[in-house]
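Shown next: upload.tsv, containing TSV, C-alpha atoms (C1' of nucleotides).
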chain	number	residue	atom	x	y	z
A	1	MET	CA	99.68	84.43	87.93
A	2	ARG	CA	103.02	85.03	86.22
A	3	LYS	CA	103.57	87.43	83.37
A	4	ALA	CA	103.90	84.60	80.84
A	5	ASP	CA	100.51	83.21	81.89
A	6	ALA	CA	98.90	86.63	81.58
A	7	VAL	CA	100.39	87.11	78.10
A	8	ALA	CA	99.12	83.67	77.07
A	9	ALA	CA	95.60	84.41	78.30
A	10	LEU	CA	95.54	87.86	76.72
A	11	ALA	CA	96.80	86.48	73.41
A	12	ALA	CA	94.14	83.78	73.47
A	13	LEU	CA	91.42	86.40	73.94
A	14	ALA	CA	92.92	88.86	71.44
A	15	GLN	CA	91.17	87.41	68.43
A	16	ASP	CA	87.67	88.05	67.19
A	17	HIS	CA	86.42	84.49	66.95
A	18	ARG	CA	88.06	83.39	70.17
A	19	LEU	CA	86.75	86.33	72.18
A	20	GLU	CA	83.28	85.61	70.83
A	21	THR	CA	83.64	81.91	71.59
A	22	TYR	CA	84.88	82.57	75.07
A	23	ARG	CA	82.07	84.99	75.89
A	24	LEU	CA	79.59	82.44	74.60
A	25	LEU	CA	81.00	79.85	76.99
A	26	VAL	CA	81.04	82.31	79.87
A	27	GLN	CA	77.38	83.00	79.30
A	28	ALA	CA	76.58	79.32	78.91
A	29	GLY	CA	77.72	78.75	82.48
A	30	PRO	CA	79.86	76.04	84.09
A	31	GLU	CA	78.10	73.23	82.20
A	32	GLY	CA	79.60	74.42	78.93
A	33	LEU	CA	78.56	73.76	75.34
A	34	PRO	CA	79.32	71.06	72.74
A	35	ALA	CA	81.81	72.13	70.07
A	36	GLY	CA	79.29	71.72	67.30
A	37	GLU	CA	76.87	74.10	68.92
A	38	VAL	CA	79.55	76.76	69.21
A	39	ALA	CA	80.58	76.16	65.59
A	40	ALA	CA	76.99	76.67	64.46
A	41	THR	CA	76.56	79.82	66.54
A	42	ILE	CA	79.81	81.46	65.51
A	43	GLY	CA	79.63	80.17	61.96
A	44	LEU	CA	83.04	78.56	61.58
A	45	PRO	CA	84.10	75.24	60.04
A	46	PRO	CA	84.75	72.70	62.81
A	47	ASN	CA	88.47	72.32	62.19
A	48	THR	CA	89.03	76.07	62.41
A	49	LEU	CA	87.12	76.14	65.67
A	50	THR	CA	89.26	73.31	67.03
A	51	PHE	CA	92.29	75.47	66.31
A	52	HIS	CA	90.81	78.25	68.43
A	53	PHE	CA	89.66	75.95	71.21
A	54	ASP	CA	93.20	74.62	71.45
A	55	ARG	CA	94.53	78.08	72.06
A	56	LEU	CA	91.92	78.88	74.66
A	57	ARG	CA	92.63	75.58	76.37
A	58	GLU	CA	96.40	76.01	76.31
A	59	ALA	CA	95.90	79.39	77.94
A	60	GLY	CA	93.83	77.72	80.65
A	61	LEU	CA	90.71	79.68	79.75
A	62	VAL	CA	88.51	76.70	78.93
A	63	SER	CA	88.25	73.03	79.88
A	64	VAL	CA	87.02	70.10	77.80
A	65	ARG	CA	85.30	66.85	78.56
A	66	ARG	CA	83.86	64.21	76.32
A	67	ASP	CA	80.16	63.43	76.37
A	68	GLY	CA	79.33	60.67	73.92
A	69	ARG	CA	80.66	61.79	70.57
A	70	SER	CA	80.53	65.45	71.54
A	71	MET	CA	83.29	67.44	73.16
A	72	ILE	CA	81.92	69.83	75.76
A	73	TYR	CA	83.87	73.05	76.29
A	74	ALA	CA	83.39	75.21	79.35
A	75	ALA	CA	84.84	78.50	80.57
A	76	ARG	CA	87.33	78.34	83.43
A	77	TYR	CA	86.31	81.18	85.68
A	78	ASP	CA	89.31	80.75	87.94
A	79	THR	CA	91.71	81.70	85.16
A	80	MET	CA	89.67	84.73	84.12
A	81	ASN	CA	89.68	85.90	87.72
A	82	ALA	CA	93.43	85.40	87.97
A	83	LEU	CA	93.90	87.45	84.79
A	84	LEU	CA	91.70	90.28	86.01
A	85	GLY	CA	93.60	90.18	89.28
A	86	TYR	CA	96.91	90.40	87.48
A	87	LEU	CA	95.81	93.35	85.35
A	88	THR	CA	94.53	95.33	88.32
A	89	GLU	CA	97.26	94.16	90.69
A	90	ASN	CA	99.47	97.20	90.93
A	91	CYS	CA	96.87	99.45	89.45
A	92	CYS	CA	95.92	101.73	92.25
A	93	ARG	CA	98.75	101.69	94.75
A	94	GLY	CA	96.85	101.72	97.98
A	95	ASP	CA	93.84	103.58	96.70
A	96	ALA	CA	90.88	101.75	98.23
A	97	SER	CA	88.61	102.91	95.42
A	98	CYS	CA	90.12	100.25	93.18
A	99	ALA	CA	88.00	97.14	93.66
A	100	PRO	CA	89.40	93.81	92.48
A	101	ALA	CA	87.49	92.15	89.67
A	102	ALA	CA	85.73	88.83	90.14
A	103	CYS	CA	83.64	86.57	88.02
A	104	VAL	CA	81.66	83.81	89.68
A	105	PRO	CA	79.40	81.44	87.72
A	106	ALA	CA	75.76	81.70	88.76
A	107	LYS	CA	75.25	78.94	91.30
A	108	THR	CA	75.17	75.94	88.92
A	109	THR	CA	71.54	75.01	88.35
A	110	ARG	CA	72.96	71.58	87.58
A	111	ARG	CA	69.89	69.47	87.20
A	112	LYS	CA	68.22	71.50	84.48
A	113	ILE	CA	71.32	71.96	82.36
A	114	ARG	CA	72.50	68.39	82.82
A	115	GLU	CA	69.32	66.86	81.52
A	116	THR	CA	69.40	68.81	78.29
A	117	ALA	CA	73.12	68.22	77.80
A	118	SER	CA	73.26	64.44	78.09
B	1	MET	CA	83.28	99.22	74.32
B	2	ARG	CA	82.78	97.24	71.11
B	3	LYS	CA	84.26	93.85	70.42
B	4	ALA	CA	86.79	95.27	67.97
B	5	ASP	CA	88.06	97.70	70.63
B	6	ALA	CA	88.38	94.90	73.17
B	7	VAL	CA	90.31	92.75	70.70
B	8	ALA	CA	92.62	95.68	69.92
B	9	ALA	CA	93.31	96.34	73.61
B	10	LEU	CA	93.84	92.64	74.38
B	11	ALA	CA	96.18	92.26	71.41
B	12	ALA	CA	98.16	95.29	72.53
B	13	LEU	CA	98.62	93.78	75.99
B	14	ALA	CA	99.30	90.26	74.71
B	15	GLN	CA	103.02	90.74	74.30
B	16	ASP	CA	105.73	90.47	76.91
B	17	HIS	CA	107.41	93.82	76.40
B	18	ARG	CA	104.17	95.70	75.95
B	19	LEU	CA	102.55	94.20	79.05
B	20	GLU	CA	105.65	95.08	81.03
B	21	THR	CA	105.71	98.59	79.58
B	22	TYR	CA	102.05	99.10	80.28
B	23	ARG	CA	102.30	97.94	83.88
B	24	LEU	CA	105.27	100.23	84.36
B	25	LEU	CA	103.18	103.17	83.18
B	26	VAL	CA	100.23	102.14	85.33
B	27	GLN	CA	102.49	102.11	88.37
B	28	ALA	CA	104.09	105.41	87.40
B	29	GLY	CA	100.70	107.08	87.73
B	30	PRO	CA	98.91	109.66	85.59
B	31	GLU	CA	102.05	111.77	85.15
B	32	GLY	CA	103.61	109.09	82.99
B	33	LEU	CA	107.25	108.47	82.06
B	34	PRO	CA	109.58	109.66	79.29
B	35	ALA	CA	110.18	107.08	76.55
B	36	GLY	CA	113.88	106.91	77.31
B	37	GLU	CA	113.29	105.98	80.91
B	38	VAL	CA	111.02	103.13	79.88
B	39	ALA	CA	113.56	101.99	77.29
B	40	ALA	CA	116.26	101.91	79.96
B	41	THR	CA	114.06	100.02	82.43
B	42	ILE	CA	112.79	97.42	79.99
B	43	GLY	CA	116.08	97.19	78.14
B	44	LEU	CA	114.95	97.70	74.55
B	45	PRO	CA	116.42	99.76	71.71
B	46	PRO	CA	114.42	103.00	71.33
B	47	ASN	CA	113.04	102.22	67.89
B	48	THR	CA	111.68	98.87	69.02
B	49	LEU	CA	110.03	100.56	71.97
B	50	THR	CA	108.45	103.12	69.65
B	51	PHE	CA	106.92	100.23	67.74
B	52	HIS	CA	105.33	98.93	70.94
B	53	PHE	CA	104.21	102.36	72.13
B	54	ASP	CA	102.45	102.84	68.80
B	55	ARG	CA	100.44	99.70	69.35
B	56	LEU	CA	99.52	100.63	72.89
B	57	ARG	CA	98.52	104.08	71.71
B	58	GLU	CA	96.46	102.82	68.77
B	59	ALA	CA	94.60	100.58	71.21
B	60	GLY	CA	93.88	103.63	73.36
B	61	LEU	CA	95.82	102.23	76.32
B	62	VAL	CA	98.35	105.05	76.60
B	63	SER	CA	98.57	108.75	75.76
B	64	VAL	CA	101.60	110.79	74.73
B	65	ARG	CA	102.65	114.37	75.18
B	66	ARG	CA	105.84	116.16	74.38
B	67	ASP	CA	107.97	117.68	77.13
B	68	GLY	CA	111.03	119.35	75.65
B	69	ARG	CA	112.81	116.71	73.62
B	70	SER	CA	111.22	113.89	75.57
B	71	MET	CA	107.97	112.13	74.80
B	72	ILE	CA	106.02	111.35	77.94
B	73	TYR	CA	103.82	108.27	77.84
B	74	ALA	CA	101.06	107.69	80.38
B	75	ALA	CA	98.52	104.93	81.00
B	76	ARG	CA	94.92	105.66	80.09
B	77	TYR	CA	92.96	104.26	82.98
B	78	ASP	CA	89.63	104.87	81.29
B	79	THR	CA	90.42	102.36	78.57
B	80	MET	CA	91.63	99.73	81.01
B	81	ASN	CA	88.41	100.11	82.97
B	82	ALA	CA	86.33	99.80	79.81
B	83	LEU	CA	88.21	96.62	78.92
B	84	LEU	CA	87.73	95.09	82.36
B	85	GLY	CA	84.07	96.04	82.14
B	86	TYR	CA	83.74	94.36	78.78
B	87	LEU	CA	85.38	91.15	79.97
B	88	THR	CA	83.17	90.87	83.04
B	89	GLU	CA	80.06	92.22	81.33
B	90	ASN	CA	78.00	89.10	80.86
B	91	CYS	CA	80.06	87.12	83.27
B	92	CYS	CA	77.74	86.45	86.13
B	93	ARG	CA	74.22	86.79	84.81
B	94	GLY	CA	72.53	88.48	87.70
B	95	ASP	CA	74.81	87.06	90.35
B	96	ALA	CA	75.49	89.97	92.67
B	97	SER	CA	78.74	88.39	93.84
B	98	CYS	CA	80.39	89.50	90.61
B	99	ALA	CA	81.79	92.97	91.28
B	100	PRO	CA	82.80	95.09	88.30
B	101	ALA	CA	86.51	95.85	88.04
B	102	ALA	CA	87.83	99.36	88.34
B	103	CYS	CA	91.20	100.99	88.28
B	104	VAL	CA	91.53	104.55	89.52
B	105	PRO	CA	94.85	106.38	89.63
B	106	ALA	CA	95.77	107.31	93.20
B	107	LYS	CA	94.49	110.88	93.54
B	108	THR	CA	97.43	112.38	91.66
B	109	THR	CA	99.93	112.92	94.47
B	110	ARG	CA	101.98	114.48	91.72
B	111	ARG	CA	104.85	115.73	93.76
B	112	LYS	CA	105.62	112.45	95.53
B	113	ILE	CA	105.45	110.27	92.42
B	114	ARG	CA	107.54	112.71	90.47
B	115	GLU	CA	110.30	112.81	93.03
B	116	THR	CA	110.76	109.05	93.23
B	117	ALA	CA	110.45	108.66	89.49
B	118	SER	CA	112.98	111.23	88.39
C	1	DG	C1'	81.26	45.28	61.84
C	2	DA	C1'	79.51	48.75	58.59
C	3	DA	C1'	77.32	53.24	58.32
C	4	DA	C1'	76.58	57.63	60.47
C	5	DT	C1'	77.92	61.49	63.44
C	6	DA	C1'	81.15	64.71	65.95
C	7	DT	C1'	85.50	66.37	66.19
C	8	DT	C1'	90.52	66.49	65.40
C	9	DT	C1'	94.97	66.16	62.78
C	10	DC	C1'	97.65	67.24	58.70
C	11	DG	C1'	99.40	70.20	55.24
C	12	DA	C1'	99.45	74.31	52.67
C	13	DT	C1'	98.76	79.41	52.07
C	14	DG	C1'	98.65	84.36	52.71
C	15	DA	C1'	98.86	87.72	56.49
C	16	DT	C1'	100.51	90.00	60.39
C	17	DC	C1'	104.14	90.47	64.07
C	18	DA	C1'	108.61	91.58	66.64
C	19	DT	C1'	113.07	92.92	65.99
C	20	DC	C1'	116.85	95.97	64.86
C	21	DG	C1'	120.40	98.82	62.07
C	22	DA	C1'	120.63	103.04	59.77
C	23	DA	C1'	118.94	107.35	58.50
C	24	DA	C1'	115.70	111.13	59.51
C	25	DT	C1'	113.22	114.43	62.45
C	26	DA	C1'	112.48	117.48	66.58
C	27	DA	C1'	114.15	120.26	70.36
C	28	DT	C1'	117.87	122.24	73.19
C	29	DT	C1'	122.32	124.34	74.06
C	30	DC	C1'	126.25	126.94	73.02
D	1	DG	C1'	123.71	127.55	63.00
D	2	DA	C1'	126.49	123.56	64.47
D	3	DA	C1'	126.70	120.01	67.90
D	4	DT	C1'	124.04	117.28	71.13
D	5	DT	C1'	120.17	114.66	72.85
D	6	DA	C1'	115.63	112.16	72.42
D	7	DT	C1'	112.76	109.80	69.60
D	8	DT	C1'	110.72	108.24	65.22
D	9	DT	C1'	110.60	106.46	60.36
D	10	DC	C1'	112.26	103.23	56.92
D	11	DG	C1'	113.46	98.82	55.22
D	12	DA	C1'	114.57	94.14	55.76
D	13	DT	C1'	114.20	89.53	58.09
D	14	DG	C1'	112.56	85.43	60.43
D	15	DA	C1'	108.59	83.94	63.17
D	16	DT	C1'	104.00	83.11	64.38
D	17	DC	C1'	98.97	83.33	63.12
D	18	DA	C1'	94.25	82.30	60.99
D	19	DT	C1'	92.12	79.82	57.61
D	20	DC	C1'	90.34	75.77	55.31
D	21	DG	C1'	90.11	71.28	52.41
D	22	DA	C1'	90.93	66.59	52.96
D	23	DA	C1'	91.86	62.67	55.56
D	24	DA	C1'	91.93	60.47	60.13
D	25	DT	C1'	90.04	59.27	64.70
D	26	DA	C1'	86.51	58.34	68.28
D	27	DT	C1'	81.82	57.08	69.40
D	28	DT	C1'	77.19	55.49	68.67
D	29	DT	C1'	73.63	52.96	66.21
D	30	DC	C1'	71.84	49.33	63.57
What is this structure when it is put down as structure tokens?
Amino acid sequence: MRKADAVAALAALAQDHRLETYRLLVQAGPEGLPAGEVAATIGLPPNTLTFHFDRLREAGLVSVRRDGRSMIYAARYDTMNALLGYLTENCCRGDASCAPAACVPAKTTRRKIRETAS
Amino acid sequence: MRKADAVAALAALAQDHRLETYRLLVQAGPEGLPAGEVAATIGLPPNTLTFHFDRLREAGLVSVRRDGRSMIYAARYDTMNALLGYLTENCCRGDASCAPAACVPAKTTRRKIRETAS
DNA sequence: GAAATATTTCGATGATCATCGAAATAATTC
DNA sequence: GAATTATTTCGATGATCATCGAAATATTTC
């Protein structure tokens, strides 16, 4: 990850509603959530939420796919891991006590989530 | 760490010159660096750098102390660790493969770091 | 193909940000 | 205590940000 990418990701997360949105998606798992559901949970008008989703997406922190008339947003764990890696990269200078961060989605219980989503 | 603190820390890091400054301080170790040295390395006028230091300090990411006529800035590893903890907090939902991030300054080999730095 | 639903695009507004020159403050040295 | 060195405060400027109403687009349903 280059510095510019790290700045973009940090900037995307450095806002109340986006950080909340992102954490919601992280907790929702790799299947993601429809935009409307996030809007209802966070309590934002849909166009404002679109604005925030765009920023998260441009930073590579979330992905989108269409499902019927809903847009499903999901956290991109790979980017979060790259960011954590970047932040801790030169952190400890050979001190083994500095463990790299990692965030792996919990084994995709696909079937269950799929059925409710579609 | 509360959401507001995380947003503050992320916002402080979400800027080219500040991220560079912060990483410089992290690499310099717990002894820190005088403001002038950072200004020379990054290539910013001193007043602009003060502006950025203020934001890093308000976010709790760096500390300052006076040493003669120099101000010595140092990274606050505790805050970085709290931020990494916050970001990974609900990340993996009981998946043991998600190790918490940590950043520990390298056992304060003061003498060595000092010599190369000054 | 018209009505209903889910989301995005457009346009406008007030707020905060990054930058830097110039003057002010703090500490040292002679 | 005057000159020097290191950093901060002040004030101004252009840029980007977050918000939301209103209209537009995509998809499904009847």
ask   = Using only C-alpha atoms (C1' of nucleotides), which residue out of B:Glu20, B:Glu37, B:Asp54, B:Asp67 lies closest to chain C?
value =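 Answer, going by the shortest atom-to-atom distance: B:Asp67.
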Can you list every residue of chain B that has an atom at most 8 Å from chain C, with its nearest atom pair and the distance in Å to one decimal, using all atoms listed in the file, ordered by chain then number, as CSV?
residue,atom,partner,partner_atom,distance
B:Pro45,CA,C:DC20,C1',7.8
B:Asn47,CA,C:DC20,C1',7.9
B:Thr48,CA,C:DT19,C1',6.8
B:Gly68,CA,C:DA27,C1',6.2
B:Arg69,CA,C:DA27,C1',5.0
ask   = Which chain D residues are at most 10 Å from chain B (counting only C-alpha atoms (C1' of nucleotides)), as a count of residues only?
value = 5
Do you know which residues are at most 8 Å from Gly32 of chain B counting only C-alpha atoms (C1' of nucleotides), after dropping those on the same chain fewer than 3 positions away, and could you put them as a compact mmCIF listing (two decimals) with C-alpha atoms, keeping the file's coordinate frame?
# COMPACT_ATOMS: atom_id res chain seq x y z
CA LEU B 25 103.18 103.17 83.18
CA ALA B 28 104.09 105.41 87.40
CA GLY B 29 100.70 107.08 87.73
CA ILE B 72 106.02 111.35 77.94
CA TYR B 73 103.82 108.27 77.84
CA ALA B 74 101.06 107.69 80.38
CA ALA B 75 98.52 104.93 81.00
task = For atom CA of Met1 of chain A and atom CA of Leu24 of chain A, quote the distance in Å rounded to one decimal.
result =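 Taking atom CA of Met1 of chain A and atom CA of Leu24 of chain A, their separation equals 24.2 Å.
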Padding 3 Å on each side, edges along x, y and z: where is the centre of the box around the listed atoms of segment 5-17 of chain C, and how long are its edges in Å to one decimal? Output it as JSON.
{"center_x": 91.0, "center_y": 76.0, "center_z": 59.1, "size_x": 32.2, "size_y": 35.0, "size_z": 20.1}
ask   = Which residue out of A:Arg66, A:Arg23, A:Arg57, A:Arg76 has the minimum interatomic distance to chain B when all atoms listed in the file are used?
value =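 With all atoms listed in the file as the atom set, the closest residue is A:Arg23.
One finds atom CA of Tyr77 of chain B at 20.1 Å from atom CA of Leu13 of chain A.
Distance-wise, atom CA of Pro30 of chain B and atom CA of Leu61 of chain B end up 12.3 Å apart.
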ask   = Which is closer to chain A than all the others in B:Ala82, B:Ala8, B:Thr41, B:Leu56, using all atoms listed in the file?
value = B:Ala8
